[in-house]
>>> print(open('upload-v5.cif').read())   # mmCIF, C-alpha atoms
data_start
#
loop_
_atom_site.label_atom_id
_atom_site.label_comp_id
_atom_site.auth_asym_id
_atom_site.auth_seq_id
_atom_site.Cartn_x
_atom_site.Cartn_y
_atom_site.Cartn_z
CA MET A 1 -4.98 -14.75 20.83
CA ASN A 2 -4.28 -17.82 22.97
CA GLU A 3 -7.81 -18.97 22.17
CA ILE A 4 -6.95 -18.97 18.44
CA LYS A 5 -3.92 -21.16 19.06
CA LYS A 6 -5.93 -23.52 21.24
CA GLN A 7 -8.64 -24.01 18.61
CA LEU A 8 -6.09 -24.63 15.85
CA GLN A 9 -3.70 -26.97 17.64
CA ASN A 10 -5.19 -30.12 16.04
CA ILE A 11 -5.97 -28.60 12.62
CA GLU A 12 -3.59 -28.68 9.65
CA VAL A 13 -3.84 -25.01 8.67
CA ILE A 14 -2.54 -24.07 5.21
CA ASP A 15 -2.26 -20.43 4.13
CA SER A 16 -3.02 -20.82 0.43
CA HIS A 17 -2.32 -17.18 -0.54
CA LEU A 18 0.89 -15.64 0.76
CA HIS A 19 3.29 -13.06 -0.69
CA LEU A 20 6.94 -12.67 0.24
CA GLY A 21 9.80 -10.59 -1.10
CA TYR A 22 10.59 -6.95 -1.78
CA LEU A 23 8.14 -4.80 -3.71
CA SER A 24 8.95 -1.15 -4.41
CA SER A 25 5.42 0.03 -3.59
CA LEU A 26 5.31 -1.97 -0.36
CA ASN A 27 6.55 -0.24 2.77
CA MET A 28 4.96 -1.91 5.78
CA PRO A 29 6.55 -2.32 9.19
CA GLY A 30 7.15 -5.99 9.89
CA ALA A 31 6.81 -7.05 6.24
CA GLY A 32 10.12 -8.92 6.20
CA ASP A 33 10.00 -12.54 5.11
CA SER A 34 11.21 -14.06 8.38
CA ASN A 35 8.81 -11.93 10.42
CA ILE A 36 5.81 -12.89 8.29
CA ILE A 37 6.62 -16.59 8.55
CA SER A 38 7.17 -16.31 12.32
CA ILE A 39 3.72 -14.71 12.72
CA LEU A 40 2.05 -17.41 10.63
CA LYS A 41 3.68 -20.17 12.66
CA GLU A 42 2.88 -18.44 15.95
CA PHE A 43 -0.81 -18.52 15.14
CA GLY A 44 -0.98 -22.12 14.07
CA VAL A 45 -0.33 -22.10 10.32
CA LYS A 46 1.48 -25.34 9.44
CA LYS A 47 2.18 -24.75 5.72
CA ALA A 48 1.95 -21.78 3.33
CA ILE A 49 1.74 -21.39 -0.44
CA VAL A 50 3.75 -18.41 -1.65
CA SER A 51 4.27 -16.33 -4.76
CA HIS A 52 7.15 -13.88 -4.78
CA HIS A 53 6.37 -10.20 -5.26
CA GLY A 54 9.33 -9.86 -7.61
CA SER A 55 7.88 -12.42 -10.03
CA LEU A 56 4.98 -10.12 -10.85
CA SER A 57 7.34 -7.80 -12.73
CA THR A 58 10.56 -9.70 -13.39
CA ILE A 59 9.86 -13.40 -13.56
CA GLU A 60 13.45 -14.66 -13.74
CA TYR A 61 14.53 -12.59 -10.72
CA GLY A 62 11.34 -13.46 -8.83
CA ASN A 63 11.78 -17.17 -9.44
CA LYS A 64 15.38 -17.03 -8.24
CA LYS A 65 14.24 -15.40 -4.99
CA LEU A 66 11.33 -17.84 -4.69
CA PHE A 67 13.66 -20.84 -4.81
CA GLU A 68 15.87 -19.23 -2.19
CA LEU A 69 12.84 -18.97 0.10
CA LEU A 70 11.78 -22.55 -0.60
CA ALA A 71 15.26 -23.78 0.29
CA LEU A 72 15.36 -21.70 3.47
CA TYR A 73 11.89 -22.72 4.66
CA LYS A 74 11.67 -26.13 2.98
CA ASP A 75 9.48 -27.67 5.69
CA PHE A 76 6.97 -24.82 5.62
CA LEU A 77 6.67 -23.22 2.17
CA TYR A 78 5.30 -24.37 -1.18
CA GLY A 79 5.73 -22.15 -4.23
CA LEU A 80 3.71 -20.74 -7.11
CA LEU A 81 5.48 -19.73 -10.30
CA VAL A 82 4.08 -16.66 -12.07
CA PHE A 83 2.88 -16.52 -15.67
CA ASN A 84 3.24 -13.05 -17.19
CA PRO A 85 1.48 -12.80 -20.59
CA ASN A 86 3.63 -9.80 -21.53
CA PHE A 87 6.59 -12.21 -21.53
CA GLU A 88 4.71 -15.21 -22.80
CA ASP A 89 7.55 -17.31 -24.20
CA GLU A 90 9.85 -16.69 -21.24
CA SER A 91 7.08 -17.49 -18.77
CA LEU A 92 6.22 -20.74 -20.54
CA ARG A 93 9.89 -21.71 -20.69
CA ILE A 94 10.28 -21.17 -16.95
CA ILE A 95 7.15 -23.17 -16.18
CA ASP A 96 8.34 -26.02 -18.40
CA GLU A 97 11.77 -26.01 -16.75
CA PHE A 98 10.89 -25.46 -13.11
CA TYR A 99 7.40 -26.85 -12.52
CA VAL A 100 8.94 -30.26 -11.84
CA GLU A 101 10.97 -28.85 -8.93
CA LYS A 102 10.15 -29.98 -5.41
CA ASN A 103 7.62 -27.77 -3.60
CA ILE A 104 6.45 -26.00 -6.79
CA ILE A 105 2.75 -26.81 -6.83
CA GLY A 106 0.91 -24.23 -8.96
CA ILE A 107 0.91 -21.04 -11.01
CA LYS A 108 -0.14 -17.50 -10.05
CA ILE A 109 -1.52 -14.99 -12.56
CA HIS A 110 -2.46 -11.35 -12.01
CA PRO A 111 -4.39 -9.88 -14.99
CA SER A 112 -4.72 -6.45 -13.36
CA TRP A 113 -1.00 -6.16 -12.66
CA HIS A 114 -0.12 -7.27 -16.16
CA LEU A 115 -2.93 -5.26 -17.83
CA CYS A 116 -4.03 -8.21 -19.91
CA TYR A 117 -7.41 -9.93 -20.08
CA PRO A 118 -7.29 -13.69 -19.44
CA THR A 119 -9.04 -14.17 -22.79
CA ASP A 120 -6.18 -12.43 -24.62
CA ARG A 121 -4.34 -14.57 -27.18
CA ARG A 122 -1.18 -14.28 -25.04
CA TYR A 123 -2.84 -16.53 -22.45
CA LYS A 124 -3.93 -19.16 -24.99
CA LYS A 125 -0.92 -21.52 -24.70
CA PHE A 126 -0.84 -21.10 -20.94
CA TRP A 127 -4.44 -22.20 -20.43
CA ALA A 128 -3.90 -25.24 -22.63
CA LEU A 129 -0.74 -26.15 -20.70
CA ALA A 130 -2.37 -25.75 -17.29
CA GLU A 131 -5.29 -27.95 -18.29
CA GLU A 132 -3.12 -30.61 -19.92
CA LYS A 133 -0.71 -30.90 -16.99
CA GLN A 134 -3.42 -30.40 -14.35
CA ILE A 135 -1.61 -27.42 -12.82
CA PRO A 136 -3.73 -25.49 -10.29
CA VAL A 137 -3.91 -21.78 -11.20
CA LEU A 138 -4.49 -19.03 -8.63
CA THR A 139 -5.71 -15.82 -10.22
CA HIS A 140 -6.29 -12.38 -8.77
CA THR A 141 -9.93 -11.36 -9.19
CA TRP A 142 -11.74 -8.14 -8.31
CA ASN A 143 -14.91 -6.20 -8.89
CA PRO A 144 -14.32 -4.02 -11.99
CA ASN A 145 -16.65 -1.29 -10.71
CA VAL A 146 -14.05 0.37 -8.47
CA PRO A 147 -11.86 3.49 -8.91
CA ASN A 148 -8.86 1.39 -9.91
CA LYS A 149 -9.79 0.76 -13.54
CA ALA A 150 -7.05 -1.84 -14.00
CA GLN A 151 -9.27 -4.20 -12.02
CA LYS A 152 -11.40 -4.63 -15.14
CA PHE A 153 -8.80 -7.12 -16.34
CA SER A 154 -9.51 -9.29 -13.29
CA ASP A 155 -13.30 -9.36 -13.43
CA PRO A 156 -14.08 -12.95 -12.31
CA PHE A 157 -16.61 -13.29 -15.10
CA ASN A 158 -13.79 -12.84 -17.63
CA PHE A 159 -12.86 -16.41 -16.74
CA GLU A 160 -16.13 -18.05 -17.70
CA GLU A 161 -15.08 -18.30 -21.34
CA ILE A 162 -11.80 -19.88 -20.21
CA ILE A 163 -13.53 -22.44 -18.02
CA LYS A 164 -15.90 -23.44 -20.83
CA SER A 165 -12.99 -23.88 -23.24
CA HIS A 166 -10.87 -25.78 -20.70
CA PRO A 167 -13.25 -27.86 -18.59
CA GLY A 168 -10.41 -29.74 -16.90
CA LEU A 169 -8.72 -26.55 -15.65
CA LYS A 170 -8.39 -26.17 -11.87
CA LEU A 171 -8.83 -22.46 -11.13
CA ILE A 172 -8.91 -20.58 -7.81
CA LEU A 173 -10.51 -17.12 -7.87
CA ALA A 174 -8.54 -15.16 -5.29
CA HIS A 175 -10.45 -12.61 -3.19
CA ALA A 176 -13.75 -14.16 -4.33
CA GLY A 177 -14.46 -11.29 -6.70
CA GLY A 178 -13.17 -8.56 -4.45
CA ARG A 179 -15.88 -6.09 -3.55
CA GLY A 180 -19.60 -5.50 -3.12
CA ASP A 181 -22.12 -7.66 -4.93
CA TYR A 182 -19.37 -9.49 -6.81
CA LEU A 183 -18.58 -11.38 -3.62
CA TYR A 184 -21.98 -13.02 -4.00
CA LYS A 185 -22.19 -13.13 -7.79
CA VAL A 186 -19.11 -15.38 -7.82
CA ILE A 187 -21.14 -18.08 -6.08
CA ASP A 188 -23.10 -18.45 -9.33
CA LEU A 189 -19.87 -19.45 -11.10
CA LEU A 190 -18.92 -21.94 -8.40
CA GLU A 191 -22.30 -23.60 -8.71
CA LYS A 192 -21.87 -24.05 -12.46
CA TYR A 193 -18.25 -25.27 -12.73
CA PRO A 194 -16.89 -28.21 -10.68
CA ASP A 195 -13.19 -27.27 -10.81
CA LEU A 196 -13.62 -23.65 -9.76
CA TYR A 197 -12.63 -22.49 -6.24
CA VAL A 198 -12.26 -19.28 -4.21
CA ASP A 199 -10.20 -17.87 -1.40
CA PHE A 200 -11.16 -14.93 0.82
CA ALA A 201 -7.61 -13.57 1.12
CA GLY A 202 -6.98 -9.86 1.52
CA ASP A 203 -9.16 -7.06 2.84
CA ILE A 204 -12.48 -8.87 2.41
CA PHE A 205 -14.53 -7.70 5.37
CA GLU A 206 -18.05 -8.99 4.79
CA PRO A 207 -20.10 -10.35 7.72
CA LYS A 208 -21.65 -13.80 7.13
CA LEU A 209 -19.96 -14.17 3.74
CA ILE A 210 -18.60 -17.63 4.50
CA GLU A 211 -22.00 -18.78 5.71
CA ALA A 212 -23.59 -17.54 2.47
CA TYR A 213 -21.17 -19.60 0.39
CA ILE A 214 -21.59 -22.74 2.45
CA GLU A 215 -25.37 -22.47 2.32
CA ARG A 216 -25.27 -22.67 -1.48
CA ILE A 217 -22.20 -24.76 -2.37
CA GLY A 218 -20.85 -26.32 0.82
CA SER A 219 -17.32 -25.83 2.12
CA LYS A 220 -15.14 -27.90 -0.22
CA LYS A 221 -14.46 -25.11 -2.73
CA LEU A 222 -13.36 -22.52 -0.16
CA PHE A 223 -9.73 -21.84 0.75
CA PHE A 224 -8.17 -20.06 3.70
CA GLY A 225 -5.63 -17.48 2.52
CA THR A 226 -4.23 -14.37 4.15
CA ASP A 227 -2.63 -12.22 1.43
CA MET A 228 0.04 -11.38 3.99
CA PRO A 229 1.70 -8.93 4.36
CA TRP A 230 -1.26 -6.97 3.00
CA ILE A 231 -3.57 -8.13 5.80
CA ASP A 232 -3.11 -9.66 9.25
CA VAL A 233 -3.44 -13.44 9.53
CA ARG A 234 -5.41 -13.11 12.76
CA TYR A 235 -8.37 -11.51 11.02
CA HIS A 236 -8.82 -14.40 8.63
CA LEU A 237 -8.36 -17.03 11.33
CA ILE A 238 -10.90 -15.38 13.62
CA ASN A 239 -13.30 -14.88 10.72
CA ILE A 240 -13.36 -18.62 10.00
CA LEU A 241 -13.24 -19.83 13.59
CA SER A 242 -16.14 -17.58 14.60
CA ALA A 243 -18.30 -18.41 11.58
CA GLU A 244 -21.55 -20.24 12.26
CA ILE A 245 -20.48 -23.38 10.40
CA THR A 246 -19.55 -26.91 11.45
CA ASP A 247 -16.12 -27.98 12.67
CA GLY A 248 -15.81 -30.08 9.53
CA ASP A 249 -16.44 -27.02 7.36
CA LYS A 250 -13.77 -25.10 9.26
CA GLU A 251 -11.24 -27.87 8.76
CA ASN A 252 -12.01 -28.02 5.04
CA ILE A 253 -11.51 -24.28 4.60
CA LEU A 254 -8.48 -23.97 6.85
CA GLY A 255 -6.43 -26.64 5.13
CA LEU A 256 -7.99 -29.83 3.83
CA ASN A 257 -9.25 -28.28 0.59
CA ALA A 258 -5.89 -26.75 -0.32
CA ALA A 259 -4.08 -29.95 0.63
CA GLY A 260 -6.31 -31.93 -1.69
CA LEU A 261 -6.17 -29.60 -4.69
CA TYR A 262 -2.43 -28.95 -4.53
CA GLY A 263 -1.46 -32.46 -3.45
CA ILE A 264 0.20 -31.35 -0.22
#
>>> encode(input="upload-v5.cif", output="structure tokens")
Amino acid sequence: MNEIKKQLQNIEVIDSHLHLGYLSSLNMPGAGDSNIISILKEFGVKKAIVSHHGSLSTIEYGNKKLFELLALYKDFLYGLLVFNPNFEDESLRIIDEFYVEKNIIGIKIHPSWHLCYPTDRRYKKFWALAEEKQIPVLTHTWNPNVPNKAQKFSDPFNFEEIIKSHPGLKLILAHAGGRGDYLYKVIDLLEKYPDLYVDFAGDIFEPKLIEAYIERIGSKKLFFGTDMPWIDVRYHLINILSAEITDGDKENILGLNAAGLYGI
């Protein structure tokens, strides 16, 4: 582990996909906010972009807790508000009111959690707003051909219609499609649309995946993210540091790309 710290000491590492806060279905030892942040800092992460678990279900409560975290860790955390299409008007009101706040730099959506396709009419005003105001949007994506049928709402190819309708939209496909062949099919989308990005956060264990992306599209659309506390930061750091790519590619993925897109 000391070797990880040594390799990262001169790199501005940004975790672009972090979760904090209580979630009823989450019961993991060491999943407390302060512990997670201590682990990230210990292994060389300089900044982190967080969405609060509570915002997925109760946006007003989740936003309140998010701002508490941003105040407590103001030199480390940046925040994502959450748009919930099931509470469209309230979500849009909160974005309008709070997006101007310091350290709020983007929006998170989770179609599978909210059981709503991104092409649903309840997303229509949101997509227009995000494009107009140039707000980066991080969306959960996953292969729909898995036992959890709710993942059909987060099929990455659901977003192609959105991208065509909103060509100025800046969209990050979290988990790069999620499973199996979708991890590679997503590269086709990245080749076609200039403002489309991916992160490899979560339990994405695919040898040579990063190399496959870089071979086709380079490294400037790829983001380092952990999905902590759902997965250990050390896996993702080692995965990038041990990849057969250039030092410049590693620096882009580990932080430069996120810094540029989010204006950090």
>>> resolve_selection(input="upload-v5.cif", expression="the PyMOL selection byres ((chain A and resi 256) around 9)", output="ChimeraX atom specification")
/A:12-14,220,223,251-255,257-261
>>> closest_residue(input="upload-v5.cif", among="A:Asn35, A:Asn63, A:Asn10, A:Thr141", to="Leu173 (chain A)", atoms="only C-alpha atoms")
A:Thr141
>>> atom_distance(input="upload-v5.cif", atom1="CA of His236 (chain A)", atom2="CA of Asp203 (chain A)")
9.4 Å
>>> residues_around(input="upload-v5.cif", residues="Leu183 (chain A)", least_positions_apart="5", cutoff="12 Å", atoms="all atoms listed in the file", output="list in words")
Thr141, Trp142, Asn143, Pro144, Asp155, Pro156, Phe157, Leu173, Ala174, His175, Ala176, Gly177, Gly178, Asp188, Leu189, Leu190, Val198, Asp199, Phe200, Ile204, Phe205, Glu206, Pro207, Lys208, Leu209, Ile210, Ala212 and Tyr213 of chain A
>>> closest_residue(input="upload-v5.cif", among="A:Met228, A:Leu196, A:Val186, A:Lys46", to="Asp33 (chain A)", atoms="all atoms listed in the file")
A:Met228
>>> atom_distance(input="upload-v5.cif", atom1="CA of Leu129 (chain A)", atom2="CA of Gly21 (chain A)")
27.2 Å
>>> atom_distance(input="upload-v5.cif", atom1="CA of Glu215 (chain A)", atom2="CA of Asp249 (chain A)")
11.2 Å
>>> closest_residue(input="upload-v5.cif", among="A:Lys221, A:Lys74, A:Arg122, A:His114", to="Lys102 (chain A)", atoms="only C-alpha atoms")
A:Lys74
>>> closest_residue(input="upload-v5.cif", among="A:Glu191, A:Glu68, A:Glu211, A:Glu60", to="Phe87 (chain A)", atoms="only C-alpha atoms")
A:Glu60
>>> closest_residue(input="upload-v5.cif", among="A:Asp89, A:Asp232, A:Asp227, A:Glu42", to="His19 (chain A)", atoms="all atoms listed in the file")
A:Asp227
>>> decode(input="upload-v5.cif", residues="region 88-118 of chain A", atoms="N, CA and C atoms", output="tab-separated table (two decimals), in the first residue's frame")
chain	number	residue	atom	x	y	z
A	88	GLU	N	-40.64	15.80	-9.82
A	88	GLU	CA	-40.03	16.65	-10.84
A	88	GLU	C	-39.97	18.11	-10.42
A	89	ASP	N	-41.09	18.68	-10.04
A	89	ASP	CA	-41.14	20.11	-9.73
A	89	ASP	C	-40.25	20.45	-8.54
A	90	GLU	N	-40.31	19.62	-7.50
A	90	GLU	CA	-39.49	19.86	-6.32
A	90	GLU	C	-38.01	19.74	-6.65
A	91	SER	N	-37.66	18.75	-7.45
A	91	SER	CA	-36.26	18.58	-7.84
A	91	SER	C	-35.76	19.78	-8.63
A	92	LEU	N	-36.56	20.25	-9.57
A	92	LEU	CA	-36.15	21.40	-10.38
A	92	LEU	C	-36.04	22.66	-9.52
A	93	ARG	N	-36.95	22.81	-8.56
A	93	ARG	CA	-36.88	23.96	-7.66
A	93	ARG	C	-35.59	23.95	-6.86
A	94	ILE	N	-35.22	22.79	-6.35
A	94	ILE	CA	-34.01	22.68	-5.54
A	94	ILE	C	-32.77	22.95	-6.38
A	95	ILE	N	-32.76	22.44	-7.61
A	95	ILE	CA	-31.62	22.71	-8.49
A	95	ILE	C	-31.51	24.20	-8.77
A	96	ASP	N	-32.64	24.83	-9.07
A	96	ASP	CA	-32.64	26.27	-9.36
A	96	ASP	C	-32.15	27.08	-8.17
A	97	GLU	N	-32.53	26.64	-6.96
A	97	GLU	CA	-32.18	27.40	-5.76
A	97	GLU	C	-30.76	27.15	-5.30
A	98	PHE	N	-30.29	25.90	-5.41
A	98	PHE	CA	-29.04	25.55	-4.75
A	98	PHE	C	-27.86	25.30	-5.69
A	99	TYR	N	-28.10	25.25	-7.00
A	99	TYR	CA	-26.97	24.95	-7.87
A	99	TYR	C	-25.91	26.05	-7.85
A	100	VAL	N	-26.31	27.24	-7.45
A	100	VAL	CA	-25.35	28.36	-7.39
A	100	VAL	C	-24.47	28.29	-6.14
A	101	GLU	N	-24.78	27.39	-5.21
A	101	GLU	CA	-24.02	27.32	-3.97
A	101	GLU	C	-22.59	26.84	-4.22
A	102	LYS	N	-21.68	27.33	-3.39
A	102	LYS	CA	-20.28	26.94	-3.49
A	102	LYS	C	-20.14	25.42	-3.34
A	103	ASN	N	-19.30	24.85	-4.16
A	103	ASN	CA	-18.96	23.42	-4.13
A	103	ASN	C	-20.07	22.50	-4.65
A	104	ILE	N	-21.16	23.06	-5.19
A	104	ILE	CA	-22.13	22.24	-5.93
A	104	ILE	C	-21.74	22.32	-7.40
A	105	ILE	N	-21.40	21.17	-8.00
A	105	ILE	CA	-20.80	21.23	-9.33
A	105	ILE	C	-21.48	20.33	-10.37
A	106	GLY	N	-22.56	19.65	-9.99
A	106	GLY	CA	-23.22	18.77	-10.96
A	106	GLY	C	-24.48	18.17	-10.38
A	107	ILE	N	-25.10	17.30	-11.20
A	107	ILE	CA	-26.35	16.63	-10.83
A	107	ILE	C	-26.17	15.13	-11.00
A	108	LYS	N	-26.72	14.36	-10.06
A	108	LYS	CA	-26.74	12.90	-10.15
A	108	LYS	C	-28.16	12.44	-10.47
A	109	ILE	N	-28.29	11.47	-11.38
A	109	ILE	CA	-29.58	10.81	-11.59
A	109	ILE	C	-29.39	9.30	-11.48
A	110	HIS	N	-30.49	8.62	-11.16
A	110	HIS	CA	-30.41	7.17	-10.98
A	110	HIS	C	-31.70	6.55	-11.51
A	111	PRO	N	-31.81	6.35	-12.83
A	111	PRO	CA	-33.06	5.84	-13.41
A	111	PRO	C	-33.54	4.53	-12.80
A	112	SER	N	-32.61	3.63	-12.45
A	112	SER	CA	-33.03	2.34	-11.88
A	112	SER	C	-33.64	2.51	-10.50
A	113	TRP	N	-33.07	3.37	-9.71
A	113	TRP	CA	-33.58	3.63	-8.35
A	113	TRP	C	-34.97	4.26	-8.43
A	114	HIS	N	-35.12	5.17	-9.38
A	114	HIS	CA	-36.37	5.92	-9.49
A	114	HIS	C	-37.38	5.27	-10.43
A	115	LEU	N	-36.98	4.14	-11.05
A	115	LEU	CA	-37.88	3.37	-11.93
A	115	LEU	C	-38.50	4.25	-13.01
A	116	CYS	N	-37.64	4.97	-13.69
A	116	CYS	CA	-38.11	5.91	-14.70
A	116	CYS	C	-37.07	6.02	-15.82
A	117	TYR	N	-37.49	5.75	-17.04
A	117	TYR	CA	-36.58	5.86	-18.17
A	117	TYR	C	-36.14	7.31	-18.38
A	118	PRO	N	-34.91	7.53	-18.78
A	118	PRO	CA	-34.45	8.92	-19.01
A	118	PRO	C	-35.18	9.61	-20.15
